[in-house]
Amino acid sequence: MRKHYLDNIRWGTIVCVVIFHVIYMFNGEAQAGVAGPFREVQYQDALQYILYPWMMILLFLVAGASSRYYLERHTIKEFIRARTVKLLVPSTIGLFVFQWIQGYINMELSGAFDRSQIPGFLIYPILAVSGTGVLWFIQMLWIFSLGLALIRRFVKGRLYDFCGRIGMVGAIALFVPIYLSGYLLNTPVIVVYRFGVYGFSVLLGYFVFAHEEVVERISRFSVPMIALAAVLAGVYLYLHFGDNYADTPVFHSLSGMAYAWAACLAILGSVYRWGNRETSFTRFMTARSYGWYVLHYLPLSASALLLCRFTSLPPLVIYLIVLLCGVFLGLGLAEVLSRIPFIRWAVLGIGKEKADVSR
């Protein structure tokens with residue numbers, strides 16, 4: 001039986017990722033590989049600070065819980081095979097088959113072609129690697145999936161059963177290990193590869209939030225948790241607006257991590273309480289959210305590049321066009337590629353037999 005609240009959190013968070021990338025493309029704080037800001041101070045950039053701290057933590061929590069449900073109905077071998085096709089293939093082979101186009105856009109946005117003379121034989125592999133973009137998430141998730149397979153093989157049910165007793169106080173207290181994990185295994189330069197906090201988030205999803213009764217207990221405090229998250233968001237904005245939110249000192253600040261954890265608990269509880277149902281729209285979004293995530297950034301970034309390079313439209317119009325491209329062209333591109341043999345396997349991880357790795 002599907003957990004509709006997890007499905008709805010997953011696609012809802014991806015909606016937030018798309019909106020975040022629209023603002024990010026013109027932001028004034030993290031300017032590597034983007035079109036750049038419209039003016040020196042942009043208050044709309046505050047939306048990035050509201051979304052960035054918790055989005056990926058929440059996706060990894062959901063992924064951990066979903067992996068638990070999948071492993072309860074499948075063997076470890078089936079899990080690894082399904083995850084490899086769904087996650088590893090698109091983030092490796094898919095780079096050379098299709099995502100090199102994204103790499104070209106990224107290099108145009110960053111001006112890499114203007115700053116250096118690249119030998120011809122290196123251009124294609126550089127474009128492919130540069131096209132990783134949003135696929136860092138599924139690269140990390142594949143690595144974490146191998147770790148979960150080992151855990152499933154060697155760790156028995158006592159720890160899982162113990163975690164099922166956690167209530168609201170215990171869930172809030174988990175902020176301490178979440179915060180401490182942020183000090184571990186952070187890669188330099190490419191800061192998105194935060195193996196400590198994201199890996200621990202997967203483990204929490206697997207051991208704690210895969211218990212529906214734990215989420216139900218949290219849901220009883222949805223209103224106060226939403227209020228707490230809103231207050232902490234204000235504190236975080238006050239302390240860090242204007243700083244590069246992607247830098248580890250800002251992301252891992254006490255205010256940022258406290259807000260991120262409160263937001264995750266608020267979303268888990270509130271969606272379980274008020275959004276644990278399926279409609280034709282949520283079914284549509286659930287079925288297409290993965291492909292949309294993988295492919296939304298190409299039309300979004302390409303449209304931003306073209307609009308800024310060849311037009312002088314007002315910022316609000318540019319934001320709207322880029323958003324529409326990310327939504328409708330991203331969904332459309334996923335629909336088209338999912339119907340092309342080999343391409344759908346290489347880019348979207350769709351094999352001859354569709355594996356349900358969302359559970």
# chains A, B, ... in the order shown; residues from 1 in each chain; ligands from 1
>>> residues_around(residues="Phe38 (chain A)", least_positions_apart="6", cutoff="12 Å", atoms="only C-alpha atoms", output="PDB file with all heavy atoms, in the first residue's frame")
ATOM      1  N   ILE A  23      14.516  31.374  -8.843  1.00  0.00           N
ATOM      2  CA  ILE A  23      15.089  32.495  -8.094  1.00  0.00           C
ATOM      3  C   ILE A  23      16.616  32.427  -8.122  1.00  0.00           C
ATOM      4  O   ILE A  23      17.304  33.441  -8.298  1.00  0.00           O
ATOM      5  CB  ILE A  23      14.578  32.497  -6.641  1.00  0.00           C
ATOM      6  CG1 ILE A  23      13.040  32.539  -6.612  1.00  0.00           C
ATOM      7  CG2 ILE A  23      15.152  33.677  -5.863  1.00  0.00           C
ATOM      8  CD1 ILE A  23      12.447  33.775  -7.236  1.00  0.00           C
ATOM      9  N   TYR A  24      17.142  31.223  -7.968  1.00  0.00           N
ATOM     10  CA  TYR A  24      18.593  31.008  -7.953  1.00  0.00           C
ATOM     11  C   TYR A  24      19.257  31.488  -9.242  1.00  0.00           C
ATOM     12  O   TYR A  24      20.366  32.039  -9.215  1.00  0.00           O
ATOM     13  CB  TYR A  24      18.855  29.514  -7.744  1.00  0.00           C
ATOM     14  CG  TYR A  24      20.267  29.066  -8.025  1.00  0.00           C
ATOM     15  CD1 TYR A  24      21.297  29.328  -7.115  1.00  0.00           C
ATOM     16  CD2 TYR A  24      20.574  28.351  -9.181  1.00  0.00           C
ATOM     17  CE1 TYR A  24      22.594  28.902  -7.364  1.00  0.00           C
ATOM     18  CE2 TYR A  24      21.868  27.932  -9.441  1.00  0.00           C
ATOM     19  CZ  TYR A  24      22.874  28.208  -8.532  1.00  0.00           C
ATOM     20  OH  TYR A  24      24.157  27.789  -8.787  1.00  0.00           O
ATOM     21  N   MET A  25      18.589  31.308 -10.363  1.00  0.00           N
ATOM     22  CA  MET A  25      19.183  31.658 -11.645  1.00  0.00           C
ATOM     23  C   MET A  25      19.517  33.147 -11.738  1.00  0.00           C
ATOM     24  O   MET A  25      20.402  33.550 -12.495  1.00  0.00           O
ATOM     25  CB  MET A  25      18.220  31.258 -12.769  1.00  0.00           C
ATOM     26  CG  MET A  25      18.799  31.355 -14.167  1.00  0.00           C
ATOM     27  SD  MET A  25      20.374  30.487 -14.409  1.00  0.00           S
ATOM     28  CE  MET A  25      19.916  28.810 -13.986  1.00  0.00           C
ATOM     29  N   PHE A  26      18.850  33.975 -10.937  1.00  0.00           N
ATOM     30  CA  PHE A  26      19.086  35.422 -10.987  1.00  0.00           C
ATOM     31  C   PHE A  26      19.474  35.979  -9.619  1.00  0.00           C
ATOM     32  O   PHE A  26      19.291  37.161  -9.359  1.00  0.00           O
ATOM     33  CB  PHE A  26      17.839  36.129 -11.499  1.00  0.00           C
ATOM     34  CG  PHE A  26      17.315  35.560 -12.790  1.00  0.00           C
ATOM     35  CD1 PHE A  26      16.227  34.695 -12.786  1.00  0.00           C
ATOM     36  CD2 PHE A  26      17.919  35.860 -13.999  1.00  0.00           C
ATOM     37  CE1 PHE A  26      15.743  34.157 -13.969  1.00  0.00           C
ATOM     38  CE2 PHE A  26      17.447  35.321 -15.191  1.00  0.00           C
ATOM     39  CZ  PHE A  26      16.358  34.473 -15.180  1.00  0.00           C
ATOM     40  N   ASN A  27      19.975  35.115  -8.740  1.00  0.00           N
ATOM     41  CA  ASN A  27      20.235  35.543  -7.370  1.00  0.00           C
ATOM     42  C   ASN A  27      21.516  36.369  -7.284  1.00  0.00           C
ATOM     43  O   ASN A  27      22.356  36.358  -8.189  1.00  0.00           O
ATOM     44  CB  ASN A  27      20.304  34.330  -6.437  1.00  0.00           C
ATOM     45  CG  ASN A  27      21.678  33.690  -6.409  1.00  0.00           C
ATOM     46  OD1 ASN A  27      22.498  33.973  -5.538  1.00  0.00           O
ATOM     47  ND2 ASN A  27      21.955  32.820  -7.378  1.00  0.00           N
ATOM     48  N   GLY A  28      21.671  37.078  -6.169  1.00  0.00           N
ATOM     49  CA  GLY A  28      22.833  37.920  -5.977  1.00  0.00           C
ATOM     50  C   GLY A  28      23.804  37.415  -4.938  1.00  0.00           C
ATOM     51  O   GLY A  28      24.732  38.129  -4.572  1.00  0.00           O
ATOM     52  N   GLN A  31      26.584  33.169  -7.148  1.00  0.00           N
ATOM     53  CA  GLN A  31      26.510  33.598  -8.543  1.00  0.00           C
ATOM     54  C   GLN A  31      27.307  32.738  -9.513  1.00  0.00           C
ATOM     55  O   GLN A  31      27.432  33.091 -10.685  1.00  0.00           O
ATOM     56  CB  GLN A  31      26.971  35.059  -8.654  1.00  0.00           C
ATOM     57  CG  GLN A  31      26.079  36.024  -7.905  1.00  0.00           C
ATOM     58  CD  GLN A  31      26.454  37.468  -8.154  1.00  0.00           C
ATOM     59  OE1 GLN A  31      26.962  37.828  -9.200  1.00  0.00           O
ATOM     60  NE2 GLN A  31      26.186  38.320  -7.172  1.00  0.00           N
ATOM     61  N   GLN A  44      13.464  39.400  -3.326  1.00  0.00           N
ATOM     62  CA  GLN A  44      12.896  38.114  -3.711  1.00  0.00           C
ATOM     63  C   GLN A  44      13.870  36.960  -3.443  1.00  0.00           C
ATOM     64  O   GLN A  44      13.469  35.802  -3.353  1.00  0.00           O
ATOM     65  CB  GLN A  44      12.484  38.117  -5.197  1.00  0.00           C
ATOM     66  CG  GLN A  44      13.629  38.249  -6.187  1.00  0.00           C
ATOM     67  CD  GLN A  44      13.909  39.695  -6.554  1.00  0.00           C
ATOM     68  OE1 GLN A  44      13.661  40.592  -5.761  1.00  0.00           O
ATOM     69  NE2 GLN A  44      14.401  39.915  -7.767  1.00  0.00           N
ATOM     70  N   ASP A  45      15.152  37.290  -3.303  1.00  0.00           N
ATOM     71  CA  ASP A  45      16.142  36.253  -2.981  1.00  0.00           C
ATOM     72  C   ASP A  45      15.873  35.611  -1.629  1.00  0.00           C
ATOM     73  O   ASP A  45      16.388  34.526  -1.333  1.00  0.00           O
ATOM     74  CB  ASP A  45      17.553  36.841  -2.995  1.00  0.00           C
ATOM     75  CG  ASP A  45      18.072  37.102  -4.405  1.00  0.00           C
ATOM     76  OD1 ASP A  45      17.326  36.823  -5.363  1.00  0.00           O
ATOM     77  OD2 ASP A  45      19.212  37.586  -4.542  1.00  0.00           O
ATOM     78  N   CYS A 308      18.220  36.590 -21.004  1.00  0.00           N
ATOM     79  CA  CYS A 308      19.138  37.617 -20.526  1.00  0.00           C
ATOM     80  C   CYS A 308      20.118  38.065 -21.614  1.00  0.00           C
ATOM     81  O   CYS A 308      20.572  39.211 -21.609  1.00  0.00           O
ATOM     82  CB  CYS A 308      19.906  37.098 -19.306  1.00  0.00           C
ATOM     83  SG  CYS A 308      18.886  36.948 -17.835  1.00  0.00           S
ATOM     84  N   SER A 312      15.509  42.424 -23.307  1.00  0.00           N
ATOM     85  CA  SER A 312      15.593  43.376 -22.194  1.00  0.00           C
ATOM     86  C   SER A 312      14.241  43.462 -21.503  1.00  0.00           C
ATOM     87  O   SER A 312      13.756  44.543 -21.169  1.00  0.00           O
ATOM     88  CB  SER A 312      16.018  44.758 -22.702  1.00  0.00           C
ATOM     89  OG  SER A 312      15.143  45.212 -23.718  1.00  0.00           O
ATOM     90  N   LEU A 313      13.614  42.306 -21.314  1.00  0.00           N
ATOM     91  CA  LEU A 313      12.308  42.243 -20.683  1.00  0.00           C
ATOM     92  C   LEU A 313      12.407  42.607 -19.201  1.00  0.00           C
ATOM     93  O   LEU A 313      13.460  42.450 -18.576  1.00  0.00           O
ATOM     94  CB  LEU A 313      11.724  40.834 -20.829  1.00  0.00           C
ATOM     95  CG  LEU A 313      11.387  40.378 -22.258  1.00  0.00           C
ATOM     96  CD1 LEU A 313      11.045  38.890 -22.267  1.00  0.00           C
ATOM     97  CD2 LEU A 313      10.236  41.199 -22.811  1.00  0.00           C
ATOM     98  N   PRO A 314      11.307  43.057 -18.612  1.00  0.00           N
ATOM     99  CA  PRO A 314      11.305  43.342 -17.170  1.00  0.00           C
ATOM    100  C   PRO A 314      11.597  42.070 -16.365  1.00  0.00           C
ATOM    101  O   PRO A 314      11.232  40.959 -16.785  1.00  0.00           O
ATOM    102  CB  PRO A 314       9.883  43.839 -16.909  1.00  0.00           C
ATOM    103  CG  PRO A 314       9.379  44.290 -18.238  1.00  0.00           C
ATOM    104  CD  PRO A 314      10.026  43.399 -19.249  1.00  0.00           C
ATOM    105  N   PRO A 315      12.251  42.194 -15.213  1.00  0.00           N
ATOM    106  CA  PRO A 315      12.590  41.025 -14.397  1.00  0.00           C
ATOM    107  C   PRO A 315      11.397  40.123 -14.087  1.00  0.00           C
ATOM    108  O   PRO A 315      11.515  38.895 -14.153  1.00  0.00           O
ATOM    109  CB  PRO A 315      13.173  41.644 -13.115  1.00  0.00           C
ATOM    110  CG  PRO A 315      13.746  42.937 -13.568  1.00  0.00           C
ATOM    111  CD  PRO A 315      12.808  43.432 -14.641  1.00  0.00           C
ATOM    112  N   LEU A 316      10.242  40.715 -13.748  1.00  0.00           N
ATOM    113  CA  LEU A 316       9.079  39.905 -13.398  1.00  0.00           C
ATOM    114  C   LEU A 316       8.657  39.025 -14.565  1.00  0.00           C
ATOM    115  O   LEU A 316       8.292  37.845 -14.379  1.00  0.00           O
ATOM    116  CB  LEU A 316       7.915  40.804 -12.969  1.00  0.00           C
ATOM    117  CG  LEU A 316       6.640  40.082 -12.521  1.00  0.00           C
ATOM    118  CD1 LEU A 316       6.936  39.180 -11.331  1.00  0.00           C
ATOM    119  CD2 LEU A 316       5.537  41.088 -12.171  1.00  0.00           C
ATOM    120  N   ILE A 318      10.631  37.946 -16.985  1.00  0.00           N
ATOM    121  CA  ILE A 318      11.665  36.915 -17.152  1.00  0.00           C
ATOM    122  C   ILE A 318      11.475  35.803 -16.126  1.00  0.00           C
ATOM    123  O   ILE A 318      11.541  34.615 -16.460  1.00  0.00           O
ATOM    124  CB  ILE A 318      13.061  37.550 -17.036  1.00  0.00           C
ATOM    125  CG1 ILE A 318      13.321  38.461 -18.236  1.00  0.00           C
ATOM    126  CG2 ILE A 318      14.145  36.468 -16.953  1.00  0.00           C
ATOM    127  CD1 ILE A 318      14.653  39.171 -18.199  1.00  0.00           C
ATOM    128  N   TYR A 319      11.231  36.175 -14.874  1.00  0.00           N
ATOM    129  CA  TYR A 319      10.965  35.162 -13.842  1.00  0.00           C
ATOM    130  C   TYR A 319       9.812  34.251 -14.271  1.00  0.00           C
ATOM    131  O   TYR A 319       9.885  33.018 -14.150  1.00  0.00           O
ATOM    132  CB  TYR A 319      10.604  35.828 -12.514  1.00  0.00           C
ATOM    133  CG  TYR A 319      11.774  36.256 -11.664  1.00  0.00           C
ATOM    134  CD1 TYR A 319      11.911  37.584 -11.266  1.00  0.00           C
ATOM    135  CD2 TYR A 319      12.721  35.334 -11.220  1.00  0.00           C
ATOM    136  CE1 TYR A 319      12.974  37.991 -10.468  1.00  0.00           C
ATOM    137  CE2 TYR A 319      13.786  35.734 -10.419  1.00  0.00           C
ATOM    138  CZ  TYR A 319      13.908  37.058 -10.045  1.00  0.00           C
ATOM    139  OH  TYR A 319      14.954  37.453  -9.255  1.00  0.00           O
TER     140      TYR A 319
END
>>> closest_atom_pairs(of="region 132-230 of chain A", to="region 47-56 of chain A", cutoff="12 Å", atoms="only C-alpha atoms", output="CSV")
residue,atom,partner,partner_atom,distance
A:Val134,CA,A:Met56,CA,11.0
A:Trp136,CA,A:Met56,CA,10.9
A:Phe137,CA,A:Met56,CA,8.1
A:Ile138,CA,A:Met56,CA,11.1
A:Met140,CA,A:Met56,CA,11.3
A:Leu141,CA,A:Met56,CA,11.0
A:Ile178,CA,A:Trp54,CA,11.8
A:Gly182,CA,A:Pro53,CA,11.9
A:Val192,CA,A:Met56,CA,9.7
A:Tyr193,CA,A:Met56,CA,11.0
A:Arg194,CA,A:Met56,CA,10.3
A:Phe195,CA,A:Met56,CA,11.9
A:Val197,CA,A:Met56,CA,10.0
A:Tyr198,CA,A:Met56,CA,7.7
A:Gly199,CA,A:Met56,CA,11.1
A:Ser201,CA,A:Met56,CA,9.3
A:Val202,CA,A:Met56,CA,10.6
A:Ala229,CA,A:Ile50,CA,10.0
A:Ala230,CA,A:Ile50,CA,9.3
>>> residues_around(residues="region 299-306 of chain A", least_positions_apart="5", cutoff="9 Å", atoms="only C-alpha atoms", output="PyMOL selection string")
chain A and resi 18+21-22+25-26+34-35+102+105-106+108-109+311+318-319+321-327+329-330+333
>>> residues_around(residues="Val223 (chain A)", least_positions_apart="3", cutoff="8 Å", atoms="only C-alpha atoms", output="MDAnalysis selection string")
chainID A and resid 226:227 266 270
>>> closest_residue(among="A:Gln99, A:Asn244, A:Ser66, A:Ser338", to="Arg2 (chain A)", atoms="only C-alpha atoms")
A:Ser66
>>> closest_residue(among="A:Gly147, A:Gly349, A:Gly196, A:Gly164", to="Gly64 (chain A)", atoms="only C-alpha atoms")
A:Gly147
>>> closest_residue(among="A:Ala46, A:Leu95, A:Ile151, A:Ile343", to="Phe207 (chain A)", atoms="only C-alpha atoms")
A:Ile151
>>> residues_around(residues="Ile350 (chain A)", least_positions_apart="4", cutoff="10 Å", atoms="only C-alpha atoms", output="PDB file with C-alpha atoms, in the first residue's frame")
ATOM      1  CA  ALA A  82      16.490  -1.232  -9.127  1.00  0.00           C
ATOM      2  CA  VAL A  85      19.093   1.475 -12.931  1.00  0.00           C
ATOM      3  CA  LYS A  86      17.049   4.337 -11.515  1.00  0.00           C
ATOM      4  CA  VAL A  89      22.664   5.001 -14.801  1.00  0.00           C
ATOM      5  CA  PRO A  90      21.109   8.483 -15.318  1.00  0.00           C
ATOM      6  CA  GLY A 291      11.586  12.689 -14.506  1.00  0.00           C
ATOM      7  CA  SER A 338      10.458   8.431 -21.445  1.00  0.00           C
ATOM      8  CA  ARG A 339       9.088   7.093 -24.739  1.00  0.00           C
ATOM      9  CA  PRO A 341      14.096   3.336 -26.281  1.00  0.00           C
ATOM     10  CA  PHE A 342      17.574   3.404 -24.713  1.00  0.00           C
ATOM     11  CA  ILE A 343      17.284   7.159 -24.054  1.00  0.00           C
ATOM     12  CA  ARG A 344      14.661   6.518 -21.394  1.00  0.00           C
ATOM     13  CA  TRP A 345      16.971   3.980 -19.752  1.00  0.00           C
ATOM     14  CA  ALA A 346      20.094   6.146 -19.955  1.00  0.00           C
ATOM     15  CA  LYS A 354       9.646  -0.507 -14.614  1.00  0.00           C
ATOM     16  CA  ALA A 355      10.960  -0.910 -11.095  1.00  0.00           C
TER      17      ALA A 355
END
>>> residues_around(residues="Ser253 (chain A)", least_positions_apart="5", cutoff="9 Å", atoms="only C-alpha atoms", output="number ranges by chain")
A: 179, 236, 248, 258
>>> write_last_selection(atoms="N, CA, C and O atoms", output="compact mmCIF listing (two decimals), in the first residue's frame")
# COMPACT_ATOMS: atom_id res chain seq x y z
N TYR A 179 22.47 18.19 13.61
CA TYR A 179 23.39 19.33 13.60
C TYR A 179 24.84 18.85 13.63
O TYR A 179 25.69 19.34 12.86
N TYR A 236 16.63 33.19 10.96
CA TYR A 236 17.66 32.84 9.99
C TYR A 236 17.82 33.93 8.93
O TYR A 236 18.94 34.32 8.58
N THR A 248 29.04 26.41 3.52
CA THR A 248 28.85 25.54 4.67
C THR A 248 28.67 26.31 5.99
O THR A 248 27.80 25.96 6.79
N ALA A 258 18.55 24.71 12.79
CA ALA A 258 17.36 24.65 13.64
C ALA A 258 16.11 24.89 12.80
O ALA A 258 15.09 24.19 12.95
>>> select_by_dssp(residues="region 129-213 of chain A", states="helix (DSSP H, G or I)", output="VMD selection string")
chain A and resid 129 to 130 133 to 154 158 to 163 168 to 173 175 to 181 195 to 207 212 to 213
>>> closest_residue(among="A:Leu203, A:His211, A:Thr132, A:Ile267", to="Arg165 (chain A)", atoms="only C-alpha atoms")
A:His211
>>> select_by_dssp(residues="region 181-281 of chain A", states="strand (DSSP E or B)", output="VMD selection string")
chain A and resid 186 194 241 243
>>> residues_around(residues="region 8-15 of chain A", least_positions_apart="2", cutoff="8 Å", atoms="only C-alpha atoms", output="list of chain:residue names")
A:His4, A:Tyr5, A:Leu6, A:Val17, A:Val18, A:Ile19, A:Met55, A:Leu58, A:Leu59, A:Val62, A:Ile267, A:Leu268, A:Val271, A:Gly275, A:Asn276, A:Thr282, A:Met285, A:Thr286, A:Ser289, A:Tyr293
>>> atom_distance(atom1="CA of Asp247 (chain A)", atom2="CA of Ile190 (chain A)")
9.8 Å
>>> atom_distance(atom1="CA of Ile126 (chain A)", atom2="CA of Ala112 (chain A)")
10.8 Å
>>> closest_residue(among="A:Ala32, A:Leu331, A:Val189, A:Leu204", to="Ser110 (chain A)", atoms="only C-alpha atoms")
A:Ala32
>>> closest_residue(among="A:Leu87, A:Val41, A:Ala63, A:Leu265", to="Phe200 (chain A)", atoms="only C-alpha atoms")
A:Ala63
>>> atom_distance(atom1="CA of Ile218 (chain A)", atom2="CA of Ala233 (chain A)")
19.7 Å
